[in-house]
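Below you'll find the structure, written out as structure tokens, and then a few comments.
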Amino acid sequence: MTDNERLFIAQSDEFIRRLLPELGVDELASAPKCTNQWARPVVPIVIQDYHAISEVELQAIVLAYNSSDGVAAIVTLNPHTPSVYDHPLFEIVAQCKAVLPLNTPLPHPLEKHPETIRHFGKADGTVKVYDLAKPQGTGYREQGETADAFDVHHDGLAAGGAVEAFVLYCDRGPLWGGFTYFQNVCLLSLELAREDPEAFKSLFLPDALTILRPRGKGAIRVVTPVLYLNEAGRPQSSYRRASGEYRVTWRDDPALRRAKAFLERFTLEFSPGSTFVQLNAPGQCCIVRNEVVAHGRTRFIDRAPVGQGRCLSRKWFMRRPQDGIYKHVPGMLISPTYAGLFPTLFGDEVLSGEWLYDEASGANVKQA
């Protein structure tokens, strides 16, 4: 381990200090074990009228979002009444953004994807998540464009870690399946810190994970720690399991191998300490604290044809106004105290513009 790596890993102590208040304790030894619990459904907040969310309903949403689960699930009782916005999701967000970090929506290029418009009509400001059928030989589908399971991850692989929160809203449910499950990776890691401090600290190695999406419109290679303090000084995770086209490689390190085994044990669907929802009817949605909560999806069976089956609308909300402009980058927004130790991974150059991974050269290339 180099001197710079030792300095970088030193952020692990501050990481622990900032997380302990979420558990209501002052020292690591007193932190409860979340993995002693069975997987639990997220109890939804029932909204009588999504056009006029009451103060009591709003406070329940805030409490759920800020809880250790980091997920506010919502069921609206009048989802079929027209919204004054292009999508009902935005009417809910408009009433929550004064008390939740939902003030910087990201306009995403996929919101205007021709296939989406062909199936669902004019763009409404959300990305559609559905089983995109493609004739054989017309190109591959990313994992999120299938009905297959999508293993645990944080949203925004090439957004530099700037997606603070996201909203999923059910436009149509599946015939069966499609559970979305969640695990607060940052709080989970505190159990590792208590049981195996060396393995916990290894998760802060600057190159602990290499995540590769090798082809297509979102091709990128990201090298990242699993845990870090972000540029706002808050604990954050960039954990991901290999799934579909996503390839995940861990640095070869004995302590990190133990950390990997620990995290993989508790980030499967319905793992101990996890929570879940099933978005299976219009008007059901969830607001997720993406900085610390990773999520995945079980496979589902759809109603045919495309355009009549499961469809979720997704919107990302960014941490800072300057992150509200779309970018596709290989860098991560690490606390400036530590980012300067590894400028090729976390410097300004790799945090701006649009980059694409080139399979031929095995490198990210910044687009002109």
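In the structure tokens, the first chain shown is A, the next is B, and so on; residue numbers restart at 1 for each chain, and ligands run from 1 in the order shown.
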Margin query: Taking only region 91-188 of chain A into account, list the residues labelled strand (DSSP E) by DSSP (computed from the backbone), as an MDAnalysis selection string.
Written below: chainID A and resid 127:130 150:153 163:172 176:177 179:184
Preceding selection exported with C-alpha atoms as a CSV table (one decimal), in the first residue's frame:
```csv
chain,number,residue,atom,x,y,z
A,127,VAL,CA,-36.9,7.7,-18.3
A,128,LYS,CA,-39.1,4.7,-18.9
A,129,VAL,CA,-37.9,1.4,-17.4
A,130,TYR,CA,-39.5,-1.5,-19.2
A,150,PHE,CA,-31.0,-6.6,-12.2
A,151,ASP,CA,-28.5,-7.1,-9.3
A,152,VAL,CA,-27.8,-4.5,-6.7
A,153,HIS,CA,-26.4,-1.1,-7.7
A,163,VAL,CA,-27.3,11.3,-8.0
A,164,GLU,CA,-28.4,12.1,-4.5
A,165,ALA,CA,-31.9,10.7,-4.8
A,166,PHE,CA,-34.2,9.1,-7.4
A,167,VAL,CA,-37.9,8.5,-7.8
A,168,LEU,CA,-39.5,5.4,-9.3
A,169,TYR,CA,-43.2,5.7,-10.2
A,170,CYS,CA,-45.3,2.8,-11.5
A,171,ASP,CA,-47.2,3.6,-14.6
A,172,ARG,CA,-48.2,-0.1,-15.1
A,176,TRP,CA,-45.9,-11.2,-11.8
A,177,GLY,CA,-42.7,-10.3,-9.9
A,179,PHE,CA,-39.7,-6.7,-6.6
A,180,THR,CA,-37.3,-3.8,-5.9
A,181,TYR,CA,-35.1,-4.4,-2.9
A,182,PHE,CA,-32.9,-2.1,-1.0
A,183,GLN,CA,-29.9,-2.2,1.3
A,184,ASN,CA,-28.2,0.7,3.1
```
Find the spatial neighbours of Ile220 (chain A), counting only C-alpha atoms, within a cut-off of 8 Å - ignore same-chain residues fewer than 6 positions away - and output them as a short mmCIF file (atom, residue, chain, number, x, y, z; two decimals) with N, CA and C atoms, in the first residue's frame.
```cif
data_model
loop_
_atom_site.label_atom_id
_atom_site.label_comp_id
_atom_site.auth_asym_id
_atom_site.auth_seq_id
_atom_site.Cartn_x
_atom_site.Cartn_y
_atom_site.Cartn_z
N ALA A 158 -22.14 6.70 -14.42
CA ALA A 158 -21.23 7.67 -15.04
C ALA A 158 -21.59 9.11 -14.68
N LEU A 212 -17.26 -1.81 -15.28
CA LEU A 212 -17.18 -1.64 -16.73
C LEU A 212 -18.53 -1.94 -17.37
N ARG A 213 -19.02 -0.96 -18.12
CA ARG A 213 -20.13 -1.18 -19.05
C ARG A 213 -19.50 -1.05 -20.43
N PRO A 214 -19.24 -2.16 -21.12
CA PRO A 214 -18.26 -2.15 -22.21
C PRO A 214 -18.75 -1.64 -23.56
N VAL A 329 -19.11 10.56 -17.21
CA VAL A 329 -17.70 10.69 -16.82
C VAL A 329 -17.21 9.46 -16.07
N PRO A 330 -15.88 9.23 -16.08
CA PRO A 330 -15.31 8.10 -15.35
C PRO A 330 -14.89 8.43 -13.93
N TRP A 355 -17.59 11.04 -21.82
CA TRP A 355 -16.57 10.05 -22.10
C TRP A 355 -17.25 8.75 -22.53
N LEU A 356 -16.58 8.00 -23.39
CA LEU A 356 -17.06 6.68 -23.79
C LEU A 356 -15.90 5.69 -23.70
N TYR A 357 -16.20 4.51 -23.23
CA TYR A 357 -15.20 3.45 -23.19
C TYR A 357 -15.02 2.88 -24.58
N ASN A 364 -11.15 4.78 -21.51
CA ASN A 364 -12.16 5.81 -21.72
C ASN A 364 -11.60 6.90 -22.62
#
```
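Using only C-alpha atoms for every distance, the candidate list A:Glu115, A:Glu245, A:Asp131, A:Glu57 yields A:Asp131 as the residue closest to Ala304 (chain A).
By only C-alpha atoms, and with residues fewer than 5 positions from Pro225 (chain A) along its chain excluded, the set lying at most 8 Å from it is Leu203, Phe204, Leu205, Pro206, Asp207, Ala208, Leu209, Ser237 and Ser238 of chain A.
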Check: Residues at most 10 Å from Met318 (chain A), counting only C-alpha atoms, excluding those fewer than 6 positions away in the same chain, as a PyMOL selection string?
Finding: chain A and resi 101-106+156+159+161-166+290+324-325
Note to self: Show me, as a PyMOL selection string, the residues that have an atom within 9 Å of region 30-36 of chain A when counting only C-alpha atoms, minus same-chain residues fewer than 4 positions from it.
What the structure shows: chain A and resi 20+23-26+187-188+190-191+194+266+271-274
With C-alpha atoms retained, write the just-selected residues as a PDB file, in the first residue's frame.
```
ATOM      1  CA  LEU A  20     -23.226   6.765  14.001  1.00  0.00           C
ATOM      2  CA  LEU A  23     -28.163   4.786  14.440  1.00  0.00           C
ATOM      3  CA  GLY A  24     -28.671   6.878  17.556  1.00  0.00           C
ATOM      4  CA  VAL A  25     -25.363   5.847  19.132  1.00  0.00           C
ATOM      5  CA  ASP A  26     -22.071   7.561  19.986  1.00  0.00           C
ATOM      6  CA  LEU A 187     -24.823   1.394   7.536  1.00  0.00           C
ATOM      7  CA  LEU A 188     -24.266  -2.259   6.647  1.00  0.00           C
ATOM      8  CA  LEU A 190     -20.484  -0.486  10.079  1.00  0.00           C
ATOM      9  CA  GLU A 191     -21.051  -4.125  11.029  1.00  0.00           C
ATOM     10  CA  ARG A 194     -16.838  -3.710  14.134  1.00  0.00           C
ATOM     11  CA  PHE A 266     -26.077  -9.177   2.454  1.00  0.00           C
ATOM     12  CA  SER A 271     -31.058 -10.567   2.347  1.00  0.00           C
ATOM     13  CA  PRO A 272     -31.143 -10.011   6.119  1.00  0.00           C
ATOM     14  CA  GLY A 273     -31.382  -6.308   6.917  1.00  0.00           C
ATOM     15  CA  SER A 274     -32.807  -5.388   3.513  1.00  0.00           C
TER      16      SER A 274
END
```
Excluding Asn66 (chain A) and any residue of its chain fewer than 4 positions from it, enumerate the residues within 12 Å of it, using only C-alpha atoms, and give them as a compact mmCIF listing (two decimals) with all heavy atoms, in the first residue's frame.
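As a result, part_4.txt now contains:
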```txt
# COMPACT_ATOMS: atom_id res chain seq x y z
N PRO A 21 -24.62 8.82 14.28
CA PRO A 21 -25.86 9.49 14.71
C PRO A 21 -27.12 8.93 14.04
O PRO A 21 -28.20 8.98 14.62
CB PRO A 21 -25.62 10.95 14.34
CG PRO A 21 -24.13 11.11 14.37
CD PRO A 21 -23.60 9.81 13.85
N GLU A 22 -26.99 8.41 12.81
CA GLU A 22 -28.15 7.81 12.15
C GLU A 22 -28.67 6.60 12.91
O GLU A 22 -29.85 6.24 12.80
CB GLU A 22 -27.82 7.41 10.71
CG GLU A 22 -27.66 8.58 9.76
CD GLU A 22 -27.81 8.15 8.32
OE1 GLU A 22 -28.58 7.21 8.04
OE2 GLU A 22 -27.15 8.75 7.47
N LEU A 23 -27.78 5.96 13.66
CA LEU A 23 -28.16 4.79 14.44
C LEU A 23 -28.48 5.14 15.88
O LEU A 23 -28.82 4.27 16.68
CB LEU A 23 -27.04 3.75 14.40
CG LEU A 23 -26.74 3.17 13.01
CD1 LEU A 23 -25.48 2.32 13.06
CD2 LEU A 23 -27.91 2.36 12.49
N GLN A 59 -44.87 14.81 6.23
CA GLN A 59 -43.93 14.53 7.30
C GLN A 59 -43.61 13.03 7.36
O GLN A 59 -42.48 12.65 7.68
CB GLN A 59 -44.48 15.01 8.64
CG GLN A 59 -44.50 16.53 8.77
CD GLN A 59 -43.14 17.16 8.49
OE1 GLN A 59 -42.11 16.72 9.03
NE2 GLN A 59 -43.11 18.16 7.62
N ALA A 60 -44.58 12.19 7.05
CA ALA A 60 -44.33 10.75 7.02
C ALA A 60 -43.35 10.39 5.90
O ALA A 60 -42.48 9.52 6.07
CB ALA A 60 -45.64 9.99 6.85
N ILE A 61 -43.47 11.06 4.77
CA ILE A 61 -42.55 10.83 3.65
C ILE A 61 -41.13 11.23 4.05
O ILE A 61 -40.16 10.49 3.81
CB ILE A 61 -43.01 11.62 2.40
CG1 ILE A 61 -44.33 11.05 1.87
CG2 ILE A 61 -41.94 11.59 1.32
CD1 ILE A 61 -44.98 11.90 0.78
N VAL A 62 -41.00 12.39 4.67
CA VAL A 62 -39.68 12.88 5.09
C VAL A 62 -39.06 11.93 6.11
O VAL A 62 -37.87 11.59 6.02
CB VAL A 62 -39.80 14.31 5.67
CG1 VAL A 62 -38.47 14.75 6.28
CG2 VAL A 62 -40.24 15.29 4.59
N GLY A 70 -33.81 4.56 4.30
CA GLY A 70 -33.54 5.47 3.20
C GLY A 70 -34.50 5.36 2.04
O GLY A 70 -34.16 5.75 0.91
N VAL A 71 -35.71 4.87 2.29
CA VAL A 71 -36.71 4.69 1.22
C VAL A 71 -38.07 5.18 1.72
O VAL A 71 -38.55 4.73 2.77
CB VAL A 71 -36.83 3.22 0.79
CG1 VAL A 71 -37.86 3.07 -0.34
CG2 VAL A 71 -35.49 2.65 0.38
N ALA A 72 -38.68 6.09 0.98
CA ALA A 72 -40.05 6.49 1.24
C ALA A 72 -40.94 5.90 0.15
O ALA A 72 -40.83 6.27 -1.01
CB ALA A 72 -40.19 8.01 1.26
N VAL A 99 -38.55 20.01 1.41
CA VAL A 99 -38.07 19.27 2.59
C VAL A 99 -37.25 18.04 2.22
O VAL A 99 -36.76 17.34 3.10
CB VAL A 99 -39.25 18.87 3.50
CG1 VAL A 99 -39.81 20.09 4.21
CG2 VAL A 99 -40.35 18.17 2.70
N LEU A 100 -37.10 17.75 0.92
CA LEU A 100 -36.28 16.63 0.46
C LEU A 100 -35.37 17.13 -0.67
O LEU A 100 -35.70 18.11 -1.35
CB LEU A 100 -37.16 15.48 -0.05
CG LEU A 100 -37.96 14.70 1.00
CD1 LEU A 100 -38.78 13.62 0.31
CD2 LEU A 100 -37.05 14.08 2.04
N PRO A 101 -34.25 16.45 -0.92
CA PRO A 101 -33.30 16.92 -1.95
C PRO A 101 -33.76 16.58 -3.37
O PRO A 101 -33.16 15.77 -4.07
CB PRO A 101 -32.01 16.17 -1.58
CG PRO A 101 -32.49 14.91 -0.95
CD PRO A 101 -33.74 15.28 -0.19
N ALA A 165 -30.67 11.46 -5.03
CA ALA A 165 -31.92 10.74 -4.81
C ALA A 165 -32.53 10.40 -6.16
O ALA A 165 -32.22 11.04 -7.17
CB ALA A 165 -32.90 11.58 -3.99
N ASN A 184 -29.03 -0.43 2.76
CA ASN A 184 -28.20 0.73 3.09
C ASN A 184 -26.77 0.23 3.28
O ASN A 184 -26.40 -0.26 4.34
CB ASN A 184 -28.73 1.41 4.36
CG ASN A 184 -28.03 2.72 4.65
OD1 ASN A 184 -26.83 2.88 4.38
ND2 ASN A 184 -28.76 3.67 5.21
N ILE A 287 -39.24 7.06 -3.20
CA ILE A 287 -38.18 8.06 -3.23
C ILE A 287 -37.01 7.46 -2.46
O ILE A 287 -37.16 7.07 -1.30
CB ILE A 287 -38.63 9.38 -2.60
CG1 ILE A 287 -39.95 9.86 -3.23
CG2 ILE A 287 -37.54 10.45 -2.76
CD1 ILE A 287 -40.56 11.07 -2.53
N VAL A 288 -35.85 7.37 -3.09
CA VAL A 288 -34.74 6.58 -2.55
C VAL A 288 -33.51 7.46 -2.36
O VAL A 288 -33.13 8.25 -3.23
CB VAL A 288 -34.40 5.41 -3.50
CG1 VAL A 288 -33.28 4.56 -2.92
CG2 VAL A 288 -35.64 4.56 -3.76
N ARG A 289 -32.84 7.28 -1.21
CA ARG A 289 -31.61 8.01 -0.86
C ARG A 289 -30.43 7.30 -1.52
O ARG A 289 -29.77 6.45 -0.91
CB ARG A 289 -31.49 8.09 0.65
CG ARG A 289 -30.43 9.02 1.17
CD ARG A 289 -30.75 9.59 2.55
NE ARG A 289 -31.09 8.60 3.53
CZ ARG A 289 -30.36 8.33 4.63
NH1 ARG A 289 -29.23 8.97 4.84
NH2 ARG A 289 -30.77 7.43 5.50
N ASN A 290 -30.15 7.68 -2.74
CA ASN A 290 -29.21 6.94 -3.58
C ASN A 290 -27.77 7.00 -3.09
O ASN A 290 -26.98 6.11 -3.41
CB ASN A 290 -29.30 7.48 -5.02
CG ASN A 290 -28.51 6.65 -6.01
OD1 ASN A 290 -28.78 5.47 -6.20
ND2 ASN A 290 -27.54 7.28 -6.67
N GLU A 291 -27.38 8.01 -2.34
CA GLU A 291 -26.00 8.12 -1.88
C GLU A 291 -25.59 6.92 -1.02
O GLU A 291 -24.44 6.49 -1.06
CB GLU A 291 -25.81 9.40 -1.06
CG GLU A 291 -25.77 10.66 -1.88
CD GLU A 291 -25.54 11.89 -1.03
OE1 GLU A 291 -25.63 11.82 0.21
OE2 GLU A 291 -25.25 12.95 -1.63
N VAL A 292 -26.53 6.39 -0.25
CA VAL A 292 -26.18 5.33 0.70
C VAL A 292 -26.93 4.02 0.47
O VAL A 292 -26.51 2.97 0.94
CB VAL A 292 -26.40 5.79 2.16
CG1 VAL A 292 -25.50 6.97 2.49
CG2 VAL A 292 -27.86 6.15 2.43
N VAL A 293 -28.06 4.09 -0.24
CA VAL A 293 -28.92 2.92 -0.43
C VAL A 293 -28.73 2.35 -1.84
O VAL A 293 -28.97 3.05 -2.83
CB VAL A 293 -30.40 3.27 -0.19
CG1 VAL A 293 -31.29 2.07 -0.50
CG2 VAL A 293 -30.61 3.74 1.25
```
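You can rank A:Leu341, A:Leu175, A:Val84, A:Ala193 by their closest distance to Asp124 (chain A) using only C-alpha atoms, and at the top of that list sits A:Val84.
The space between CA of Pro109 (chain A) and CA of Arg303 (chain A) spans 26.8 Å.
For the residues A:Tyr338, A:Arg320, A:Asn78, A:Pro235, ranking by smallest atom-to-atom distance to Arg6 (chain A) using only C-alpha atoms places A:Tyr338 first.
Our summary of the geometry notes that CA of Gly125 (chain A) is positioned 12.3 Å from CA of Phe317 (chain A).
Atom pair CA of Trp38 (chain A) / CA of Ala73 (chain A) has a distance of 18.7 Å (rounded to one decimal).
For region 113-253 of chain A, a DSSP pass over the backbone yields helix (DSSP H, G or I) at A:Pro114, A:Glu115, A:Thr116, A:Ile117, A:Arg118, A:His119, A:Phe120, A:Gln143, A:Gly144, A:Glu145, A:Val185, A:Cys186, A:Leu187, A:Leu188, A:Ser189, A:Leu190, A:Glu191, A:Leu192, A:Ala193, A:Arg194, A:Glu195, A:Pro197, A:Glu198, A:Ala199, A:Phe200, A:Lys201, A:Ser202.
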Atoms kept (N, CA, C and O atoms) for selection, written as a CSV table (one decimal), in the first residue's frame:
```
chain,number,residue,atom,x,y,z
A,114,PRO,N,-36.0,7.5,-29.1
A,114,PRO,CA,-37.1,7.2,-30.1
A,114,PRO,C,-37.9,6.0,-29.8
A,114,PRO,O,-39.1,6.0,-30.0
A,115,GLU,N,-37.3,4.9,-29.2
A,115,GLU,CA,-38.1,3.7,-28.9
A,115,GLU,C,-39.1,4.0,-27.8
A,115,GLU,O,-40.2,3.5,-27.8
A,116,THR,N,-38.7,4.8,-26.8
A,116,THR,CA,-39.6,5.2,-25.7
A,116,THR,C,-40.8,6.0,-26.3
A,116,THR,O,-42.0,5.8,-25.9
A,117,ILE,N,-40.5,7.0,-27.1
A,117,ILE,CA,-41.6,7.8,-27.7
A,117,ILE,C,-42.5,6.9,-28.6
A,117,ILE,O,-43.7,7.1,-28.6
A,118,ARG,N,-41.9,6.0,-29.3
A,118,ARG,CA,-42.7,5.1,-30.2
A,118,ARG,C,-43.7,4.3,-29.3
A,118,ARG,O,-44.9,4.1,-29.7
A,119,HIS,N,-43.3,3.8,-28.2
A,119,HIS,CA,-44.1,3.0,-27.3
A,119,HIS,C,-45.1,3.8,-26.4
A,119,HIS,O,-46.2,3.3,-26.2
A,120,PHE,N,-44.6,4.9,-25.9
A,120,PHE,CA,-45.4,5.6,-24.9
A,120,PHE,C,-45.8,7.0,-25.3
A,120,PHE,O,-46.5,7.7,-24.4
A,143,GLN,N,-29.2,-4.3,-19.1
A,143,GLN,CA,-30.0,-5.1,-18.1
A,143,GLN,C,-31.3,-4.4,-17.7
A,143,GLN,O,-32.3,-5.1,-17.5
A,144,GLY,N,-31.3,-3.1,-17.6
A,144,GLY,CA,-32.5,-2.4,-17.2
A,144,GLY,C,-33.5,-2.4,-18.3
A,144,GLY,O,-34.7,-1.9,-18.0
A,145,GLU,N,-33.2,-2.8,-19.5
A,145,GLU,CA,-34.1,-2.9,-20.6
A,145,GLU,C,-34.7,-4.3,-20.8
A,145,GLU,O,-35.3,-4.5,-21.8
A,185,VAL,N,-26.0,0.4,2.2
A,185,VAL,CA,-24.6,-0.2,2.2
A,185,VAL,C,-23.7,0.5,3.2
A,185,VAL,O,-22.9,-0.1,3.9
A,186,CYS,N,-23.9,1.8,3.4
A,186,CYS,CA,-23.1,2.5,4.4
A,186,CYS,C,-23.3,2.0,5.8
A,186,CYS,O,-22.3,1.8,6.5
A,187,LEU,N,-24.6,1.9,6.2
A,187,LEU,CA,-24.8,1.4,7.5
A,187,LEU,C,-24.4,-0.1,7.7
A,187,LEU,O,-23.9,-0.5,8.7
A,188,LEU,N,-24.7,-0.9,6.6
A,188,LEU,CA,-24.3,-2.3,6.6
A,188,LEU,C,-22.8,-2.4,6.9
A,188,LEU,O,-22.3,-3.2,7.6
A,189,SER,N,-22.0,-1.5,6.3
A,189,SER,CA,-20.5,-1.5,6.4
A,189,SER,C,-20.1,-1.3,7.9
A,189,SER,O,-19.0,-1.8,8.2
A,190,LEU,N,-20.9,-0.7,8.7
A,190,LEU,CA,-20.5,-0.5,10.1
A,190,LEU,C,-20.4,-1.8,10.8
A,190,LEU,O,-19.6,-2.0,11.8
A,191,GLU,N,-21.2,-2.8,10.4
A,191,GLU,CA,-21.1,-4.1,11.0
A,191,GLU,C,-19.7,-4.7,10.7
A,191,GLU,O,-19.1,-5.4,11.5
A,192,LEU,N,-19.3,-4.5,9.5
A,192,LEU,CA,-17.9,-5.0,9.1
A,192,LEU,C,-16.8,-4.3,9.8
A,192,LEU,O,-15.8,-4.8,10.2
A,193,ALA,N,-17.0,-2.9,10.0
A,193,ALA,CA,-16.1,-2.2,10.8
A,193,ALA,C,-15.9,-2.7,12.2
A,193,ALA,O,-14.7,-2.7,12.7
A,194,ARG,N,-16.9,-3.2,12.8
A,194,ARG,CA,-16.8,-3.7,14.1
A,194,ARG,C,-16.2,-5.1,14.1
A,194,ARG,O,-15.5,-5.5,15.0
A,195,GLU,N,-16.6,-5.9,13.1
A,195,GLU,CA,-16.1,-7.3,13.1
A,195,GLU,C,-14.7,-7.5,12.5
A,195,GLU,O,-14.0,-8.4,12.9
A,197,PRO,N,-12.1,-4.7,11.2
A,197,PRO,CA,-11.7,-3.3,10.8
A,197,PRO,C,-10.8,-3.2,9.6
A,197,PRO,O,-10.9,-2.3,8.8
A,198,GLU,N,-9.9,-4.1,9.4
A,198,GLU,CA,-9.0,-4.1,8.3
A,198,GLU,C,-9.8,-4.3,7.0
A,198,GLU,O,-9.6,-3.6,6.0
A,199,ALA,N,-10.8,-5.2,7.0
A,199,ALA,CA,-11.6,-5.4,5.8
A,199,ALA,C,-12.4,-4.1,5.5
A,199,ALA,O,-12.6,-3.7,4.3
A,200,PHE,N,-13.0,-3.5,6.6
A,200,PHE,CA,-13.8,-2.3,6.4
A,200,PHE,C,-12.9,-1.2,5.8
A,200,PHE,O,-13.3,-0.6,4.8
A,201,LYS,N,-11.7,-1.0,6.3
A,201,LYS,CA,-10.9,0.1,5.7
A,201,LYS,C,-10.5,-0.2,4.3
A,201,LYS,O,-10.3,0.7,3.5
A,202,SER,N,-10.4,-1.5,3.9
A,202,SER,CA,-10.0,-1.8,2.5
A,202,SER,C,-11.1,-1.3,1.5
A,202,SER,O,-10.8,-1.1,0.3
```
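Between Leu333 (chain A) and the residues A:Gly160, A:Gly233, A:Gly309, A:Gly173, the shortest atom-to-atom distance, using only C-alpha atoms, involves A:Gly160.
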